[in-house]
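See below for model_33.txt, which holds compact mmCIF, C-alpha atoms and all ligand atoms.
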```
# COMPACT_ATOMS: atom_id res chain seq x y z
CA MET A 1 -59.20 -28.46 -21.81
CA THR A 2 -58.81 -30.05 -25.21
CA PRO A 3 -57.02 -33.40 -25.56
CA ASP A 4 -53.55 -32.95 -27.12
CA ILE A 5 -53.50 -29.15 -26.71
CA LYS A 6 -50.96 -27.83 -24.21
CA PRO A 7 -52.76 -25.12 -22.25
CA LEU A 8 -51.42 -21.61 -21.78
CA VAL A 9 -51.97 -19.06 -19.04
CA ALA A 10 -50.94 -15.51 -19.91
CA GLY A 11 -50.85 -12.62 -17.47
CA ASN A 12 -51.60 -9.18 -18.90
CA TRP A 13 -50.22 -6.51 -16.57
CA LYS A 14 -51.73 -3.72 -18.68
CA MET A 15 -50.37 -0.26 -17.70
CA ASN A 16 -49.23 -1.54 -14.31
CA GLY A 17 -45.79 -2.38 -13.03
CA GLN A 18 -42.57 -0.53 -12.44
CA ARG A 19 -39.18 -1.86 -11.40
CA ASP A 20 -40.42 -2.63 -7.90
CA GLN A 21 -42.85 -5.15 -9.43
CA LEU A 22 -39.96 -7.21 -10.79
CA ASP A 23 -39.80 -9.21 -7.58
CA GLN A 24 -43.20 -10.65 -8.56
CA LEU A 25 -41.79 -11.60 -11.93
CA ALA A 26 -38.85 -13.32 -10.25
CA LEU A 27 -41.29 -15.27 -8.05
CA MET A 28 -43.28 -16.26 -11.15
CA SER A 29 -40.08 -17.56 -12.77
CA LYS A 30 -39.38 -19.63 -9.67
CA GLY A 31 -42.93 -20.97 -9.54
CA ALA A 32 -42.85 -22.00 -13.21
CA ASP A 33 -40.88 -25.12 -12.34
CA ALA A 34 -40.02 -27.88 -14.79
CA GLU A 35 -43.01 -30.05 -13.85
CA LEU A 36 -45.53 -27.21 -14.12
CA SER A 37 -44.13 -25.78 -17.33
CA GLN A 38 -44.37 -29.23 -18.89
CA LYS A 39 -48.10 -29.14 -18.20
CA LEU A 40 -48.73 -25.63 -19.54
CA ASP A 41 -47.08 -22.61 -21.08
CA ILE A 42 -46.89 -19.71 -18.61
CA VAL A 43 -46.52 -16.25 -20.10
CA VAL A 44 -46.33 -12.84 -18.48
CA CYS A 45 -46.94 -9.67 -20.49
CA PRO A 46 -45.52 -6.68 -18.58
CA PRO A 47 -45.51 -3.13 -19.96
CA ALA A 48 -42.99 -2.45 -22.74
CA THR A 49 -40.74 -0.57 -20.30
CA LEU A 50 -40.04 -3.81 -18.40
CA LEU A 51 -39.90 -6.18 -21.34
CA TYR A 52 -36.15 -6.58 -21.74
CA VAL A 53 -35.41 -6.91 -18.06
CA ALA A 54 -38.32 -9.36 -17.78
CA THR A 55 -36.88 -11.68 -20.41
CA ALA A 56 -33.52 -11.56 -18.63
CA LEU A 57 -35.19 -12.53 -15.34
CA ALA A 58 -37.15 -15.33 -17.01
CA GLU A 59 -34.19 -16.73 -18.95
CA ASP A 60 -33.70 -20.48 -18.45
CA THR A 61 -36.92 -20.78 -16.42
CA GLY A 62 -40.36 -22.05 -17.40
CA LEU A 63 -41.71 -18.49 -17.62
CA LYS A 64 -42.12 -16.92 -21.06
CA VAL A 65 -42.57 -13.23 -21.78
CA GLY A 66 -44.93 -11.38 -24.09
CA ALA A 67 -45.85 -7.80 -25.00
CA GLN A 68 -49.30 -6.21 -24.85
CA ASP A 69 -49.47 -4.65 -28.31
CA CYS A 70 -47.33 -3.81 -31.32
CA HIS A 71 -47.37 -1.48 -34.32
CA ALA A 72 -48.00 -3.06 -37.70
CA ASN A 73 -44.84 -1.56 -39.23
CA ALA A 74 -41.32 -2.75 -38.50
CA SER A 75 -39.94 0.77 -37.95
CA GLY A 76 -40.56 4.38 -38.92
CA ALA A 77 -42.09 7.69 -37.90
CA HIS A 78 -44.60 6.45 -35.33
CA THR A 79 -43.81 8.32 -32.15
CA GLY A 80 -44.42 6.31 -29.02
CA ASP A 81 -45.14 3.04 -30.79
CA VAL A 82 -43.25 -0.23 -30.47
CA SER A 83 -42.79 -2.67 -33.35
CA ALA A 84 -43.01 -6.44 -33.23
CA GLU A 85 -39.35 -6.52 -34.24
CA MET A 86 -38.46 -4.43 -31.16
CA ILE A 87 -40.41 -6.83 -28.99
CA ALA A 88 -38.60 -9.81 -30.52
CA ASP A 89 -35.33 -7.94 -30.01
CA CYS A 90 -36.18 -7.87 -26.28
CA LEU A 91 -36.33 -11.69 -26.57
CA ALA A 92 -40.05 -11.82 -25.88
CA GLU A 93 -41.97 -14.61 -27.63
CA TYR A 94 -45.62 -13.52 -27.55
CA CYS A 95 -47.66 -10.41 -28.22
CA ILE A 96 -51.28 -9.68 -27.36
CA VAL A 97 -53.17 -7.94 -30.16
CA GLY A 98 -56.74 -6.68 -30.35
CA HIS A 99 -57.35 -6.41 -26.61
CA SER A 100 -60.73 -4.75 -26.08
CA GLU A 101 -59.00 -1.86 -24.29
CA ARG A 102 -57.01 -1.21 -27.49
CA ARG A 103 -60.11 -1.63 -29.64
CA THR A 104 -61.93 0.94 -27.46
CA ASP A 105 -59.22 3.38 -26.30
CA HIS A 106 -57.40 3.49 -29.65
CA GLU A 107 -60.33 2.69 -31.93
CA GLU A 108 -58.49 -0.28 -33.39
CA SER A 109 -60.42 -2.06 -36.12
CA ASN A 110 -60.33 -5.73 -37.10
CA ALA A 111 -58.17 -4.69 -40.07
CA ASP A 112 -55.66 -3.02 -37.73
CA ILE A 113 -55.52 -6.17 -35.63
CA LEU A 114 -55.05 -8.35 -38.70
CA ALA A 115 -52.06 -6.20 -39.71
CA LYS A 116 -50.61 -6.39 -36.19
CA THR A 117 -51.01 -10.17 -36.18
CA GLN A 118 -49.08 -10.35 -39.45
CA ALA A 119 -46.43 -8.09 -37.90
CA CYS A 120 -46.09 -10.52 -34.99
CA TRP A 121 -45.53 -13.42 -37.38
CA ARG A 122 -43.04 -11.38 -39.43
CA ALA A 123 -41.00 -10.86 -36.26
CA GLY A 124 -41.34 -14.49 -35.16
CA LEU A 125 -43.75 -13.73 -32.29
CA LYS A 126 -46.81 -15.76 -31.44
CA ALA A 127 -49.90 -13.52 -31.60
CA ILE A 128 -52.56 -13.74 -28.89
CA VAL A 129 -55.56 -12.39 -30.81
CA CYS A 130 -58.35 -11.11 -28.54
CA ILE A 131 -62.01 -11.10 -29.48
CA GLY A 132 -65.10 -10.48 -27.38
CA GLU A 133 -68.60 -9.09 -27.37
CA THR A 134 -69.88 -6.14 -25.34
CA GLU A 135 -72.57 -6.51 -22.69
CA ALA A 136 -75.20 -5.00 -24.99
CA GLU A 137 -74.29 -7.46 -27.73
CA TYR A 138 -74.38 -10.33 -25.23
CA ASP A 139 -77.80 -9.25 -23.93
CA ALA A 140 -79.10 -8.96 -27.48
CA GLY A 141 -78.02 -12.54 -28.23
CA GLN A 142 -75.47 -11.32 -30.79
CA ALA A 143 -72.32 -12.76 -29.22
CA GLU A 144 -71.73 -15.45 -31.86
CA THR A 145 -72.31 -13.08 -34.78
CA VAL A 146 -69.90 -10.52 -33.30
CA LEU A 147 -67.23 -13.12 -32.53
CA SER A 148 -67.52 -14.66 -35.95
CA SER A 149 -67.01 -11.32 -37.66
CA GLN A 150 -64.10 -10.40 -35.34
CA LEU A 151 -62.44 -13.73 -36.14
CA ALA A 152 -63.00 -13.33 -39.85
CA GLY A 153 -61.72 -9.74 -39.80
CA SER A 154 -58.74 -10.02 -37.51
CA LEU A 155 -57.31 -13.49 -38.19
CA PRO A 156 -55.10 -13.40 -41.30
CA GLU A 157 -54.70 -16.17 -43.87
CA GLY A 158 -51.90 -18.41 -42.71
CA ALA A 159 -52.94 -18.55 -39.05
CA THR A 160 -51.86 -21.82 -37.46
CA ASP A 161 -51.73 -23.29 -34.00
CA GLN A 162 -47.99 -22.51 -34.04
CA ASN A 163 -48.23 -18.77 -34.73
CA THR A 164 -51.57 -17.78 -33.19
CA ILE A 165 -53.62 -18.17 -30.02
CA VAL A 166 -57.20 -16.92 -29.79
CA ALA A 167 -58.40 -15.31 -26.56
CA TYR A 168 -62.14 -15.02 -26.00
CA GLU A 169 -62.70 -12.12 -23.63
CA PRO A 170 -66.27 -10.93 -23.15
CA VAL A 171 -65.77 -7.18 -22.72
CA TRP A 172 -68.30 -7.08 -19.88
CA ALA A 173 -66.30 -9.65 -17.90
CA ILE A 174 -62.97 -7.80 -18.05
CA GLY A 175 -62.06 -6.30 -14.69
CA THR A 176 -65.65 -6.46 -13.47
CA GLY A 177 -65.65 -9.62 -11.36
CA LYS A 178 -68.47 -10.91 -13.59
CA THR A 179 -68.04 -14.07 -15.68
CA PRO A 180 -70.36 -15.91 -18.04
CA SER A 181 -71.81 -19.14 -16.65
CA PRO A 182 -69.73 -22.29 -17.26
CA GLU A 183 -72.44 -23.42 -19.71
CA ASP A 184 -72.09 -20.16 -21.67
CA ILE A 185 -68.30 -20.41 -21.74
CA LYS A 186 -68.56 -24.01 -22.96
CA ALA A 187 -71.02 -23.08 -25.70
CA ILE A 188 -68.98 -20.10 -26.94
CA HIS A 189 -65.70 -22.03 -26.95
CA GLU A 190 -67.32 -24.88 -28.85
CA PHE A 191 -68.66 -22.34 -31.34
CA LEU A 192 -65.17 -20.81 -31.72
CA ARG A 193 -63.58 -24.25 -32.15
CA ASN A 194 -66.01 -25.04 -34.97
CA GLU A 195 -65.38 -21.66 -36.61
CA LEU A 196 -61.61 -22.26 -36.46
CA ILE A 197 -61.92 -25.79 -37.88
CA GLU A 198 -64.17 -24.60 -40.69
CA ARG A 199 -61.70 -21.89 -41.58
CA LEU A 200 -58.30 -23.45 -40.85
CA HIS A 201 -59.03 -27.20 -40.88
CA GLY A 202 -56.30 -29.17 -38.98
CA PRO A 203 -54.65 -26.14 -37.34
CA GLY A 204 -58.10 -25.01 -36.19
CA GLU A 205 -58.47 -28.27 -34.25
CA ARG A 206 -55.17 -27.62 -32.46
CA MET A 207 -55.28 -23.82 -31.95
CA LYS A 208 -55.41 -22.76 -28.30
CA ILE A 209 -58.58 -20.87 -27.32
CA LEU A 210 -58.09 -18.98 -24.05
CA TYR A 211 -60.84 -17.58 -21.88
CA GLY A 212 -60.29 -14.13 -20.36
CA GLY A 213 -62.40 -12.00 -18.04
CA SER A 214 -62.19 -11.97 -14.22
CA VAL A 215 -60.29 -15.25 -13.93
CA LYS A 216 -58.92 -15.57 -10.40
CA PRO A 217 -57.69 -18.34 -8.12
CA SER A 218 -61.20 -18.99 -6.79
CA ASN A 219 -62.85 -19.65 -10.18
CA ALA A 220 -59.89 -20.92 -12.23
CA ALA A 221 -60.39 -24.65 -11.67
CA GLU A 222 -64.00 -24.55 -12.82
CA ILE A 223 -63.28 -22.41 -15.91
CA LEU A 224 -60.05 -24.11 -17.00
CA MET A 225 -61.58 -27.58 -16.98
CA ILE A 226 -64.30 -26.62 -19.46
CA GLU A 227 -64.02 -28.35 -22.83
CA ASN A 228 -62.23 -26.23 -25.44
CA VAL A 229 -60.93 -23.78 -22.82
CA ASP A 230 -57.20 -24.15 -23.40
CA GLY A 231 -56.02 -21.69 -20.77
CA ALA A 232 -56.67 -18.15 -19.65
CA LEU A 233 -55.72 -14.56 -20.30
CA VAL A 234 -55.57 -13.02 -16.85
CA GLY A 235 -55.53 -9.31 -16.04
CA GLY A 236 -55.85 -8.16 -12.43
CA ALA A 237 -54.96 -11.52 -10.88
CA SER A 238 -51.69 -11.70 -12.83
CA LEU A 239 -50.03 -8.86 -10.93
CA LYS A 240 -49.28 -11.01 -7.90
CA ALA A 241 -47.14 -14.10 -8.43
CA GLU A 242 -49.11 -15.99 -5.80
CA ASP A 243 -52.39 -15.46 -7.67
CA LEU A 244 -51.07 -16.16 -11.16
CA LEU A 245 -49.26 -19.27 -9.99
CA SER A 246 -52.29 -20.51 -8.11
CA ILE A 247 -54.27 -20.29 -11.39
CA CYS A 248 -51.50 -22.22 -13.19
CA GLU A 249 -51.38 -24.83 -10.43
CA VAL A 250 -54.81 -26.07 -11.56
CA TYR A 251 -52.97 -27.94 -14.31
CA ARG A 252 -50.35 -29.61 -12.09
CA LYS A 253 -52.69 -32.38 -11.04
CA VAL A 254 -54.33 -33.07 -14.43
C1 LIG B 1 -57.74 -8.75 -19.48
O1 LIG B 1 -57.57 -7.55 -19.42
O2 LIG B 1 -57.32 -9.38 -20.46
C2 LIG B 1 -58.47 -9.41 -18.40
C3 LIG B 1 -58.94 -10.59 -18.61
O3 LIG B 1 -58.61 -8.69 -17.23
P1 LIG B 1 -59.22 -9.24 -15.84
O4 LIG B 1 -58.65 -10.63 -15.62
O5 LIG B 1 -58.76 -8.29 -14.82
O6 LIG B 1 -60.69 -9.30 -16.01
```

Output the structure of this file as structure tokens.
Amino acid sequence: MTPDIKPLVAGNWKMNGQRDQLDQLALMSKGADAELSQKLDIVVCPPATLLYVATALAEDTGLKVGAQDCHANASGAHTGDVSAEMIADCLAEYCIVGHSERRTDHEESNADILAKTQACWRAGLKAIVCIGETEAEYDAGQAETVLSSQLAGSLPEGATDQNTIVAYEPVWAIGTGKTPSPEDIKAIHEFLRNELIERLHGPGERMKILYGGSVKPSNAAEILMIENVDGALVGGASLKAEDLLSICEVYRKV
């Protein structure tokens, strides 16, 4: 945690979830009660097909809704893509950009992610910008160099704590059950905080830095209490309301 930063837990459903999963979303809305949502922002990012119905279900509750990706353009001949404006039109408030699965599966570059982040701002969405090193880079001791260049390349001028959230997701920890040691997470988040301050000054001190990669109810308390860890981006464990809420509950007592 960082003093004076309201934490955020975001659930990334990835390409999972059909209408029968909406009961989980309803349970999440119920669990995001006034007391809990005062302690942290709780966001769920379902697939685009469920976005509009998700915002309707979450209306007037403590649960907020985000998308998992957007196109950089507002509209046009881009078959199958969804613009940030369309996401905002569904009344969602957040959008993940630069997830490692997008960087790998769709060969997205830092420049692509920078453009998508700008698109989020243009549409009034908060961008959750993901960065993270691969296992080979981690083993070679290159994590900081990689993260620094991803930050420099994918975070546009004008990033503030109001329009952007950074998510550190070591690629080798996503969906694998493996996590870095608490000491490693602390060191990387401190490094990222310093990079953000150097680059953005005041807003860099206040920008949320999430940790993502195999966060689950059993390890959430330890990870979320680490200095400069301002919440989590959660994949697998966000599909069940009970698991996502149990991660969020860590903040109720603090
Ligand atoms: C993710 O995809 O952003 C993620 C962190 O996945 P998981 O929690 O399943 O590792």

(message) Here is a test: counting all atoms listed in the file, which residue of A:Gln21, A:Ser149, A:Ser83, A:Asn12 is nearest to ligand LIG 1 (chain B)?
(response)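 The shortest atom-to-atom distance to ligand LIG 1 (chain B) comes from A:Asn12.
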
Could I get the residues of chain A with an atom no further than 7 Å from an atom of ligand LIG 1 (chain B), each paired with its nearest atom pair and that distance in Å to one decimal, using only C-alpha atoms and all ligand atoms, sorted by chain and residue number, as JSON lines?
```
{"residue": "A:Asn12", "atom": "CA", "partner": "B:LIG1", "partner_atom": "O2", "distance": 5.9}
{"residue": "A:His99", "atom": "CA", "partner": "B:LIG1", "partner_atom": "O2", "distance": 6.8}
{"residue": "A:Glu169", "atom": "CA", "partner": "B:LIG1", "partner_atom": "C3", "distance": 6.5}
{"residue": "A:Ala173", "atom": "CA", "partner": "B:LIG1", "partner_atom": "O6", "distance": 5.9}
{"residue": "A:Ile174", "atom": "CA", "partner": "B:LIG1", "partner_atom": "O6", "distance": 3.4}
{"residue": "A:Gly175", "atom": "CA", "partner": "B:LIG1", "partner_atom": "O6", "distance": 3.6}
{"residue": "A:Thr176", "atom": "CA", "partner": "B:LIG1", "partner_atom": "O6", "distance": 6.3}
{"residue": "A:Gly177", "atom": "CA", "partner": "B:LIG1", "partner_atom": "O6", "distance": 6.8}
{"residue": "A:Gly212", "atom": "CA", "partner": "B:LIG1", "partner_atom": "C3", "distance": 4.2}
{"residue": "A:Gly213", "atom": "CA", "partner": "B:LIG1", "partner_atom": "C3", "distance": 3.8}
{"residue": "A:Ser214", "atom": "CA", "partner": "B:LIG1", "partner_atom": "O6", "distance": 3.5}
{"residue": "A:Val215", "atom": "CA", "partner": "B:LIG1", "partner_atom": "O4", "distance": 5.2}
{"residue": "A:Leu233", "atom": "CA", "partner": "B:LIG1", "partner_atom": "C3", "distance": 5.4}
{"residue": "A:Val234", "atom": "CA", "partner": "B:LIG1", "partner_atom": "O4", "distance": 4.1}
{"residue": "A:Gly235", "atom": "CA", "partner": "B:LIG1", "partner_atom": "O3", "distance": 3.4}
{"residue": "A:Gly236", "atom": "CA", "partner": "B:LIG1", "partner_atom": "O5", "distance": 3.8}
{"residue": "A:Ala237", "atom": "CA", "partner": "B:LIG1", "partner_atom": "O4", "distance": 6.1}
```

Would you save the residues from that selection as a PDB file, keeping the file's coordinate frame, using C-alpha atoms?
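What ended up in again_6.pdb:
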```pdb
ATOM      1  CA  ASN A  12     -51.600  -9.180 -18.900  1.00  0.00           C
ATOM      2  CA  HIS A  99     -57.350  -6.410 -26.610  1.00  0.00           C
ATOM      3  CA  GLU A 169     -62.700 -12.120 -23.630  1.00  0.00           C
ATOM      4  CA  ALA A 173     -66.300  -9.650 -17.900  1.00  0.00           C
ATOM      5  CA  ILE A 174     -62.970  -7.800 -18.050  1.00  0.00           C
ATOM      6  CA  GLY A 175     -62.060  -6.300 -14.690  1.00  0.00           C
ATOM      7  CA  THR A 176     -65.650  -6.460 -13.470  1.00  0.00           C
ATOM      8  CA  GLY A 177     -65.650  -9.620 -11.360  1.00  0.00           C
ATOM      9  CA  GLY A 212     -60.290 -14.130 -20.360  1.00  0.00           C
ATOM     10  CA  GLY A 213     -62.400 -12.000 -18.040  1.00  0.00           C
ATOM     11  CA  SER A 214     -62.190 -11.970 -14.220  1.00  0.00           C
ATOM     12  CA  VAL A 215     -60.290 -15.250 -13.930  1.00  0.00           C
ATOM     13  CA  LEU A 233     -55.720 -14.560 -20.300  1.00  0.00           C
ATOM     14  CA  VAL A 234     -55.570 -13.020 -16.850  1.00  0.00           C
ATOM     15  CA  GLY A 235     -55.530  -9.310 -16.040  1.00  0.00           C
ATOM     16  CA  GLY A 236     -55.850  -8.160 -12.430  1.00  0.00           C
ATOM     17  CA  ALA A 237     -54.960 -11.520 -10.880  1.00  0.00           C
TER      18      ALA A 237
END
```

(request) Please check which residues have atoms at most 12 Å from (-54.8, -22.5, -14.5) in the file's coordinates, counting only C-alpha atoms, and write them as a PyMOL selection string. (result) chain A and resi 1+6-11+36-37+39-43+210-212+215-226+229-234+237-238+243-254

Include C-alpha atoms and write out the residues we just selected as a PDB file, in the frame of the given file.
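The result, stored in part-v6.pdb:
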```pdb
ATOM      1  CA  MET A   1     -59.200 -28.460 -21.810  1.00  0.00           C
ATOM      2  CA  LYS A   6     -50.960 -27.830 -24.210  1.00  0.00           C
ATOM      3  CA  PRO A   7     -52.760 -25.120 -22.250  1.00  0.00           C
ATOM      4  CA  LEU A   8     -51.420 -21.610 -21.780  1.00  0.00           C
ATOM      5  CA  VAL A   9     -51.970 -19.060 -19.040  1.00  0.00           C
ATOM      6  CA  ALA A  10     -50.940 -15.510 -19.910  1.00  0.00           C
ATOM      7  CA  GLY A  11     -50.850 -12.620 -17.470  1.00  0.00           C
ATOM      8  CA  LEU A  36     -45.530 -27.210 -14.120  1.00  0.00           C
ATOM      9  CA  SER A  37     -44.130 -25.780 -17.330  1.00  0.00           C
ATOM     10  CA  LYS A  39     -48.100 -29.140 -18.200  1.00  0.00           C
ATOM     11  CA  LEU A  40     -48.730 -25.630 -19.540  1.00  0.00           C
ATOM     12  CA  ASP A  41     -47.080 -22.610 -21.080  1.00  0.00           C
ATOM     13  CA  ILE A  42     -46.890 -19.710 -18.610  1.00  0.00           C
ATOM     14  CA  VAL A  43     -46.520 -16.250 -20.100  1.00  0.00           C
ATOM     15  CA  LEU A 210     -58.090 -18.980 -24.050  1.00  0.00           C
ATOM     16  CA  TYR A 211     -60.840 -17.580 -21.880  1.00  0.00           C
ATOM     17  CA  GLY A 212     -60.290 -14.130 -20.360  1.00  0.00           C
ATOM     18  CA  VAL A 215     -60.290 -15.250 -13.930  1.00  0.00           C
ATOM     19  CA  LYS A 216     -58.920 -15.570 -10.400  1.00  0.00           C
ATOM     20  CA  PRO A 217     -57.690 -18.340  -8.120  1.00  0.00           C
ATOM     21  CA  SER A 218     -61.200 -18.990  -6.790  1.00  0.00           C
ATOM     22  CA  ASN A 219     -62.850 -19.650 -10.180  1.00  0.00           C
ATOM     23  CA  ALA A 220     -59.890 -20.920 -12.230  1.00  0.00           C
ATOM     24  CA  ALA A 221     -60.390 -24.650 -11.670  1.00  0.00           C
ATOM     25  CA  GLU A 222     -64.000 -24.550 -12.820  1.00  0.00           C
ATOM     26  CA  ILE A 223     -63.280 -22.410 -15.910  1.00  0.00           C
ATOM     27  CA  LEU A 224     -60.050 -24.110 -17.000  1.00  0.00           C
ATOM     28  CA  MET A 225     -61.580 -27.580 -16.980  1.00  0.00           C
ATOM     29  CA  ILE A 226     -64.300 -26.620 -19.460  1.00  0.00           C
ATOM     30  CA  VAL A 229     -60.930 -23.780 -22.820  1.00  0.00           C
ATOM     31  CA  ASP A 230     -57.200 -24.150 -23.400  1.00  0.00           C
ATOM     32  CA  GLY A 231     -56.020 -21.690 -20.770  1.00  0.00           C
ATOM     33  CA  ALA A 232     -56.670 -18.150 -19.650  1.00  0.00           C
ATOM     34  CA  LEU A 233     -55.720 -14.560 -20.300  1.00  0.00           C
ATOM     35  CA  VAL A 234     -55.570 -13.020 -16.850  1.00  0.00           C
ATOM     36  CA  ALA A 237     -54.960 -11.520 -10.880  1.00  0.00           C
ATOM     37  CA  SER A 238     -51.690 -11.700 -12.830  1.00  0.00           C
ATOM     38  CA  ASP A 243     -52.390 -15.460  -7.670  1.00  0.00           C
ATOM     39  CA  LEU A 244     -51.070 -16.160 -11.160  1.00  0.00           C
ATOM     40  CA  LEU A 245     -49.260 -19.270  -9.990  1.00  0.00           C
ATOM     41  CA  SER A 246     -52.290 -20.510  -8.110  1.00  0.00           C
ATOM     42  CA  ILE A 247     -54.270 -20.290 -11.390  1.00  0.00           C
ATOM     43  CA  CYS A 248     -51.500 -22.220 -13.190  1.00  0.00           C
ATOM     44  CA  GLU A 249     -51.380 -24.830 -10.430  1.00  0.00           C
ATOM     45  CA  VAL A 250     -54.810 -26.070 -11.560  1.00  0.00           C
ATOM     46  CA  TYR A 251     -52.970 -27.940 -14.310  1.00  0.00           C
ATOM     47  CA  ARG A 252     -50.350 -29.610 -12.090  1.00  0.00           C
ATOM     48  CA  LYS A 253     -52.690 -32.380 -11.040  1.00  0.00           C
ATOM     49  CA  VAL A 254     -54.330 -33.070 -14.430  1.00  0.00           C
TER      50      VAL A 254
END
```

(message) From the options A:Gly158, A:Pro180, A:Gly153, A:Gly202, which residue's atoms come nearest to Asp139 of chain A, counting only C-alpha atoms?
(response)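 Ranked by minimum distance to Asp139 of chain A, first place goes to A:Pro180.
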
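Candidate residues A:Ser109, A:Thr61, A:Thr2, A:Thr117 were compared for distance to Glu35 of chain A, and the nearest is A:Thr61, using all atoms listed in the file.
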
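Here atom CA of Glu157 of chain A and atom CA of Ala77 of chain A stand 27.6 Å from one another.
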
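Interatomic distance, atom CA of Leu155 of chain A against atom CA of Val171 of chain A: 18.7 Å.
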
(request) Compare A:Ala152, A:Ala72, A:Val166, A:Met15 by their minimum atom-to-atom distance to Glu108 of chain A, counting only C-alpha atoms, and give me the closest one. (result)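 Checking each candidate against Glu108 of chain A, we get A:Ala72 as the closest.
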
(message) Restricting the calculation to all atoms listed in the file: of A:Asp20, A:Asp69, A:Glu183, A:Asp60, which residue gets closest to Leu239 of chain A?
(response) A:Asp20

(request) Could you jot down the atom CA of Ile131 of chain A to atom CA of Ser100 of chain A separation for me, Å, one decimal place? (result)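 Between atom CA of Ile131 of chain A and atom CA of Ser100 of chain A the gap is 7.3 Å.
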
(message) Please list as a ChimeraX atom specification every residue within 10 Å of Ser75 of chain A, counting all atoms listed in the file and excluding residues in the same chain fewer than 6 positions away.
(response) /A:81-86

(request) Would you mind listing what lies within 10 Å of Pro156 of chain A as a ChimeraX atom specification, with all atoms listed in the file counted and same-chain residues fewer than 3 positions away left out? (result) /A:111,113-118,151-153,159-160,164

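Of the listed residues A:Trp13, A:Trp121, A:Tyr94, A:Phe191, the one whose atoms come nearest to Leu147 of chain A is A:Phe191, with distances taken using only C-alpha atoms.
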